[in-house]
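J.: Before anything else, here's the structure in question.
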Amino acid sequence: MVQNNPNFVLMVEDLTVSFDGFKAVNDLSFYVEPNECRVIIGPNGAGKTTVLDLICGRTKATGGSVNFKGQELLNMREDQIVHAGVGRKFQTPSVYEDLTVFENLELSYPKGHNVFGALFFRRDDTVKDRIQEIAEMIFLEELLQEKAAFLSHGQKQWLEIGMLLIQDPELLMLDEPVAGMSVAERKKTAELLNRIIADRSVIVIEHDMGFVADIATRVTVLHQGKVLSEGSMERVQNDPKVIEVYLGH
Ligand SMILES: Nc1ncnc2c1ncn2[C@@H]1O[C@H](COP(=O)(O)OP(=O)(O)OP(=O)(O)O)[C@@H](O)[C@H]1O
């Protein structure tokens with residue numbers, strides 16, 4: 001089914017990847033709207049991480065299309081996809097432990113993509129203001145001068161989200177952002193995600209159903225590389241096909 005709604009930020013159509021004949025993602029289609037938080041759920045091995053790898057160019061697709069604001073991402077390199085406005089956070093935080101929160105954010109601030117942009121980059125007020133704004137959003141405004149090494153696991157995850165946000169992506173993809181977080185940190189992360197979709201779309205892979213209920217605009221259930229069910233949390237939770245896959249194993 002091909003949909004021609006120009007309002008979609010992301011249109012994934014017939015996406016397929018085959019590893020030695022095994023189709024980890026198999027003719028997958030889904031569509032993401034602006035200001036949407038799409039949560040992808042599904043049993044282990046369903047193909048969730050592979051879908052994000054395909055969208056961000058880390059894994060090359062065997063077939064299909066990933067259209068982001070009119071651009072075909074499958075023909076682009078990973079760095080070009082980032083430049084186009086797609087941010088990706090992996091499961092384990094990768095912040096610079098020896099640098100402060102401020103420095104980590106500063107390092108991620110876009111400096112222009114030519115050599116002059118990098119040469120003439122200065123820590124001016126615009127950058128400082130933006131870092132302050134992001135730090136407030138990710139609950140780290142009191143910790144700007146703290147070395148990242150001293151942050152809790154949850155705070156490191158927020159910092160990494162901040163490092164992506166400072167680049168102002170139109171699509172942000174997060175792989176299990178609350179894994180290993182305390183209940184209080186999960187609540188705050190849900191608050192953060194609900195705030196950031198005011199300006200962009202987010203795709204989240206998640207296993208914690210309580211958290212999914214707190215954040216999802218819509219849920220896509222993957223099974224064996226295909227969409228098993230899609231819709232509101234309530235709808236997919238009550239879908240007999242979903243119940244069968246989750247309880248039948
Ligand atoms: N590079 C690869 N080479 C071969 N097989 C792969 C590769 N990447 C993923 N797979 C296989 O593709 C399938 C889907 O993997 P994927 O990691 O996307 O699942 P997932 O839904 O994210 O699972 P989990 O919830 O366990 O993280 C698995 O069977 C996995 O072993």
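The way I read the labels, and the way they are meant: chains A, B, ... in the order of the structure tokens, residue 1 as the first residue of every chain, and ligand 1 as the first ligand shown, with later ones counted on from there.
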Hey, what's within 7 Å of Ile40 in chain A if we count only C-alpha atoms and toss same-chain stuff fewer than 3 positions away? As number ranges by chain, please?

T.: A: 48, 204-206, 219-222

J.: Produce a file of the selected residues containing C-alpha atoms, as a short mmCIF file (atom, residue, chain, number, x, y, z; two decimals), in the first residue's frame.

T.:
data_model
loop_
_atom_site.label_atom_id
_atom_site.label_comp_id
_atom_site.auth_asym_id
_atom_site.auth_seq_id
_atom_site.Cartn_x
_atom_site.Cartn_y
_atom_site.Cartn_z
CA LYS A 48 13.14 -3.52 15.68
CA VAL A 204 11.29 4.77 20.13
CA ILE A 205 11.95 1.07 20.55
CA GLU A 206 10.65 0.03 23.94
CA VAL A 219 2.35 1.93 18.45
CA THR A 220 3.68 -0.36 15.71
CA VAL A 221 4.01 -4.00 16.69
CA LEU A 222 6.66 -5.86 14.73
#

J.: Please find the residues contacting ligand 1 at a distance of at most 8 Å between atoms, with only C-alpha atoms and all ligand atoms counted, and report them as an mmCIF file with N, CA and C atoms, in the first residue's frame.

T.:
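Result file is pocket-v4.cif:
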data_model
loop_
_atom_site.group_PDB
_atom_site.id
_atom_site.type_symbol
_atom_site.label_atom_id
_atom_site.label_comp_id
_atom_site.auth_asym_id
_atom_site.auth_seq_id
_atom_site.Cartn_x
_atom_site.Cartn_y
_atom_site.Cartn_z
ATOM 1 N N PHE A 19 19.645 -11.138 5.497
ATOM 2 C CA PHE A 19 20.985 -11.546 5.941
ATOM 3 C C PHE A 19 21.153 -13.019 5.565
ATOM 4 N N ASP A 20 21.967 -13.298 4.599
ATOM 5 C CA ASP A 20 22.165 -14.686 4.123
ATOM 6 C C ASP A 20 20.836 -15.394 3.873
ATOM 7 N N PHE A 22 17.977 -14.777 5.170
ATOM 8 C CA PHE A 22 16.982 -14.600 6.236
ATOM 9 C C PHE A 22 16.489 -13.148 6.241
ATOM 10 N N LYS A 23 15.169 -12.972 6.051
ATOM 11 C CA LYS A 23 14.635 -11.617 5.974
ATOM 12 C C LYS A 23 14.314 -11.083 7.368
ATOM 13 N N ALA A 24 15.253 -10.323 7.941
ATOM 14 C CA ALA A 24 15.066 -9.766 9.292
ATOM 15 C C ALA A 24 13.998 -8.677 9.254
ATOM 16 N N VAL A 25 13.921 -7.947 8.139
ATOM 17 C CA VAL A 25 12.848 -6.971 7.902
ATOM 18 C C VAL A 25 12.278 -7.322 6.533
ATOM 19 N N ILE A 41 7.248 -1.835 19.157
ATOM 20 C CA ILE A 41 7.399 -2.923 20.122
ATOM 21 C C ILE A 41 7.410 -4.243 19.354
ATOM 22 N N GLY A 42 7.704 -5.314 20.053
ATOM 23 C CA GLY A 42 7.708 -6.625 19.414
ATOM 24 C C GLY A 42 8.644 -7.550 20.149
ATOM 25 N N PRO A 43 8.431 -8.848 19.993
ATOM 26 C CA PRO A 43 9.277 -9.815 20.712
ATOM 27 C C PRO A 43 10.740 -9.743 20.279
ATOM 28 N N ASN A 44 11.634 -10.356 21.049
ATOM 29 C CA ASN A 44 13.057 -10.381 20.693
ATOM 30 C C ASN A 44 13.236 -10.937 19.286
ATOM 31 N N GLY A 45 14.098 -10.270 18.521
ATOM 32 C CA GLY A 45 14.382 -10.748 17.170
ATOM 33 C C GLY A 45 13.349 -10.339 16.130
ATOM 34 N N ALA A 46 12.382 -9.505 16.521
ATOM 35 C CA ALA A 46 11.316 -9.097 15.582
ATOM 36 C C ALA A 46 11.840 -8.204 14.460
ATOM 37 N N GLY A 47 13.007 -7.590 14.674
ATOM 38 C CA GLY A 47 13.577 -6.719 13.634
ATOM 39 C C GLY A 47 13.574 -5.246 13.994
ATOM 40 N N LYS A 48 13.284 -4.929 15.269
ATOM 41 C CA LYS A 48 13.137 -3.522 15.684
ATOM 42 C C LYS A 48 14.429 -2.720 15.485
ATOM 43 N N THR A 49 15.522 -3.226 16.063
ATOM 44 C CA THR A 49 16.798 -2.496 15.945
ATOM 45 C C THR A 49 17.230 -2.424 14.483
ATOM 46 N N THR A 50 17.011 -3.484 13.755
ATOM 47 C CA THR A 50 17.396 -3.502 12.331
ATOM 48 C C THR A 50 16.655 -2.405 11.560
ATOM 49 N N VAL A 51 15.398 -2.162 11.899
ATOM 50 C CA VAL A 51 14.645 -1.098 11.217
ATOM 51 C C VAL A 51 15.327 0.253 11.436
ATOM 52 N N THR A 59 22.821 -0.051 8.263
ATOM 53 C CA THR A 59 22.671 -1.312 7.529
ATOM 54 C C THR A 59 22.066 -0.982 6.171
ATOM 55 N N HIS A 207 10.407 -1.793 25.492
ATOM 56 C CA HIS A 207 9.813 -3.033 26.018
ATOM 57 C C HIS A 207 8.899 -2.748 27.205
ATOM 58 N N LEU A 222 5.937 -5.093 15.737
ATOM 59 C CA LEU A 222 6.664 -5.865 14.725
ATOM 60 C C LEU A 222 6.698 -7.324 15.140
ATOM 61 N N HIS A 223 6.625 -8.186 14.136
ATOM 62 C CA HIS A 223 6.781 -9.617 14.380
ATOM 63 C C HIS A 223 7.364 -10.232 13.124
ATOM 64 N N GLN A 224 8.491 -10.900 13.268
ATOM 65 C CA GLN A 224 9.172 -11.523 12.125
ATOM 66 C C GLN A 224 9.373 -10.541 10.967
ATOM 67 N N GLY A 225 9.791 -9.323 11.328
ATOM 68 C CA GLY A 225 10.139 -8.340 10.311
ATOM 69 C C GLY A 225 8.972 -7.668 9.624
#

J.: Given the choices A:Ile131, A:Asp168, A:Val86, A:Val227, which gets closest to Asp27 in chain A if the distance is worked out from only C-alpha atoms?

T.: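 Selected residue with least distance to Asp27 in chain A: A:Val227.
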
J.: For CA of Met173 in chain A and CA of Leu52 in chain A, determine how far apart the two atoms are, in Å to one decimal place.

T.: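 Interatomic distance here is 7.2 Å.
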
J.: Can you tell me how far CA of Leu159 in chain A sits from CA of Val39 in chain A, in Å to one decimal?

T.: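 These atoms are spaced 21.0 Å apart.
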
J.: Which of these, A:Gly210, A:Gly21, A:Pro34, A:Gly162, has the shortest distance to Leu105 in chain A once you count only C-alpha atoms?

T.: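 Using only C-alpha atoms, Leu105 in chain A sits closest to A:Gly162.
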